[in-house]
Amino acid sequence: MDIFQVLNMIGGLALFLYGMHTMGNGLSKMAGGKLEGVLEKLTSKRIFAVLLGAGVTAVIQSSSATTVMVVGFVNSGIMKLSQAVGIIMGANVGTTVTSWLLSLTSIDGSSIWVQLLKPSSFSPILAAVGIILLMSGKGEDRRKDIGGILLGFAVLMFGMETMSDSVSGLAENAAFTSLMTTFSNPFLGMLMGAILTAIIQSSSASVGILQALCATGAVPYGVALPIIMGQNIGTCVTSILSSVGASKNARRAAMIHLYFNLIGTIVFMVVFYGLHIWIDFAFLHMAANAAGIALIHSAFNIGATILLYPLANQLVRLAEWTIPDERTPQEALEVSVPKPRLVIDERFLAKPSFAVEICRRYMMELAEKSKEALRISTGVLLSYDAVGAEQVRALETEIDSYEDVLGSYLVKLSTKSLSGADSRAVTGMLHSISNFERISDHAKNLVESAEEMKNKKLKFSKEAKREMEVLCRAVDDIVTKTTADYLNENAEDAVHVEPLEEVIDRLTKKIKNRHVKRLQKGECSIEMGLILEDLLLNLERVSDHCSNIAMELMMFSGKASDTHDYLEEMTEEQRTAFDAEYQALKKQYSLKKTSDKMEKEPKKDKKK
């Protein structure tokens, strides 16, 4: 093997690994985080967890990625340790799909139909179609993702072919043959497989390299088999590394992955080589091929899953015994320090499309909490309630934590490779998060004003209270509507937020004018007037933030180009509809009804 063949082998390996990476990323983007989302929802039954783990791994082409995701789920508290076991088992089965795809390179035959199944025949076509889709995609993200998948697969297969061709002459190389003989020792073979897989952190890739070496015809099954066993152990390194610094349960999930492969390998090796003492397995002396490697890889992982499936609870207990619950003094000190309630695992950043889904889910929680804080605060304002006031404070503190954690995470996520839709979603969330957080701040301000009134024994006049009831009802309605539109991503209904926001602006101005008149008549104190000014300012600001959120939704869907130009850019038809809705809302939240009631009440008193 000369220097040029070595260079070809290195280049083929680089293309092979790059193709695998590109294809996996493309498949993940196509899934849009939905596959990973299914993992955390449909794992109530272990058999479903196994099937889902296998299916997701088969699609994203990486058991390491799946197990790292599981570690992240457990670390974030999204998934229980008992649920993680089934997914880890399934991931080991799903990863065997890659080896079967790579075994296509060993297809041999003179028939044209057999030749068409060889990657060297159809990979160039896939590459051509892929590059056309990629270059013509422009804003069409789905087309680009499909192009990336096809190109990744073509590059993967081309790299595999290049590696196989570059090592084809090793069959006559005495040094290589001697090296392979050394690895026929089961322990050394396992060690070799484990080290190789630990270095490249992908059992699929290391199995592919072994399949390429088998093209020489100089690698017997007696050498390949222990290497494959070692590869299954080496792939655990990725999940173990990812669990460093994580919670105890997350570290236990990584240990379950290690124990599953380690116990499976030990049982297989003891039984197989124990039988080999009495029965001579003749195939061990035969030259291995790519299909045979895929078969052994699949047989081991499926067999280990069947063997250990009934013992899943024992695997959990073993992991808990390895990493016990006793806290060190340092851990006890950390527990005593309050931590933010929201935790988004950094491991999810490895799958940006899924990380976007996680952030979207937490944004929905944030929106609901902001709506709840505002609803309780207006109730406290109109009828003071100490319990409600504390609830608002607790919600505001929790929402602040959401903003800090979620905002920082979204900034990190924005630097990752995202599809166009995901990139727009991240930008929209970054804009909306501060608006929802400010709504909770204003809710807290309303509670503080209510407490000031209580402490100073100040009260609204009957007319002022009725006016505030109308305004609070309008503000509650705009927050409820905005939150519902945001949760449903309903840009069609978001256009109805702006007319209500203008009605609220009008209400606050009218209430201010009425207060000035009452002040001039001596019906209201200056001190109460200052509190009322603060209340009106906070309620108006809440409606402004709702308007901002609705505009973001409309801009995201293309219904508005800019927040400030929205009203100016309306067509005549849109303006007519807007004005009609504004007039209807103005009647719905009219202050005239309150004055009419005030006029009627004195008459009733006179009759009495």
# chains A, B, ... in the order shown; residues from 1 in each chain; ligands from 1
>>> residues_around(residues="His515 of chain A", least_positions_apart="3", cutoff="12 Å", atoms="only C-alpha atoms", output="mmCIF file with C-alpha atoms, in the first residue's frame")
data_model
loop_
_atom_site.group_PDB
_atom_site.id
_atom_site.type_symbol
_atom_site.label_atom_id
_atom_site.label_comp_id
_atom_site.auth_asym_id
_atom_site.auth_seq_id
_atom_site.Cartn_x
_atom_site.Cartn_y
_atom_site.Cartn_z
ATOM 1 C CA PHE A 460 -62.133 54.464 44.250
ATOM 2 C CA SER A 461 -65.267 56.553 44.030
ATOM 3 C CA GLU A 463 -67.879 56.181 39.272
ATOM 4 C CA ALA A 464 -64.109 55.682 39.151
ATOM 5 C CA LYS A 465 -64.479 52.032 40.167
ATOM 6 C CA GLU A 467 -64.669 53.013 34.903
ATOM 7 C CA MET A 468 -61.770 50.863 36.107
ATOM 8 C CA THR A 508 -57.402 55.581 29.406
ATOM 9 C CA LYS A 509 -57.574 59.128 27.990
ATOM 10 C CA LYS A 510 -61.280 59.456 28.823
ATOM 11 C CA ILE A 511 -60.757 58.141 32.365
ATOM 12 C CA LYS A 512 -57.922 60.661 32.872
ATOM 13 C CA ARG A 518 -63.670 65.050 39.680
ATOM 14 C CA LEU A 519 -60.463 66.519 41.077
ATOM 15 C CA GLN A 520 -61.634 70.051 40.200
ATOM 16 C CA LYS A 521 -64.949 69.384 41.952
ATOM 17 C CA GLY A 522 -63.137 68.074 45.050
ATOM 18 C CA GLU A 523 -64.595 64.597 44.608
ATOM 19 C CA CYS A 524 -61.140 62.950 44.498
ATOM 20 C CA SER A 525 -57.882 63.470 46.395
ATOM 21 C CA ILE A 526 -54.565 64.327 44.738
ATOM 22 C CA MET A 528 -55.605 58.980 44.838
ATOM 23 C CA GLY A 529 -55.095 60.791 41.541
ATOM 24 C CA LEU A 530 -51.376 59.873 41.499
ATOM 25 C CA ILE A 531 -52.177 56.196 42.105
ATOM 26 C CA LEU A 532 -54.822 56.289 39.380
ATOM 27 C CA GLU A 533 -52.265 57.756 36.973
ATOM 28 C CA LEU A 536 -53.804 53.764 33.861
#
>>> atom_distance(atom1="atom CA of Thr322 of chain A", atom2="atom CA of Arg251 of chain A")
9.8 Å
>>> atom_distance(atom1="atom CA of Val223 of chain A", atom2="atom CA of Pro186 of chain A")
7.7 Å
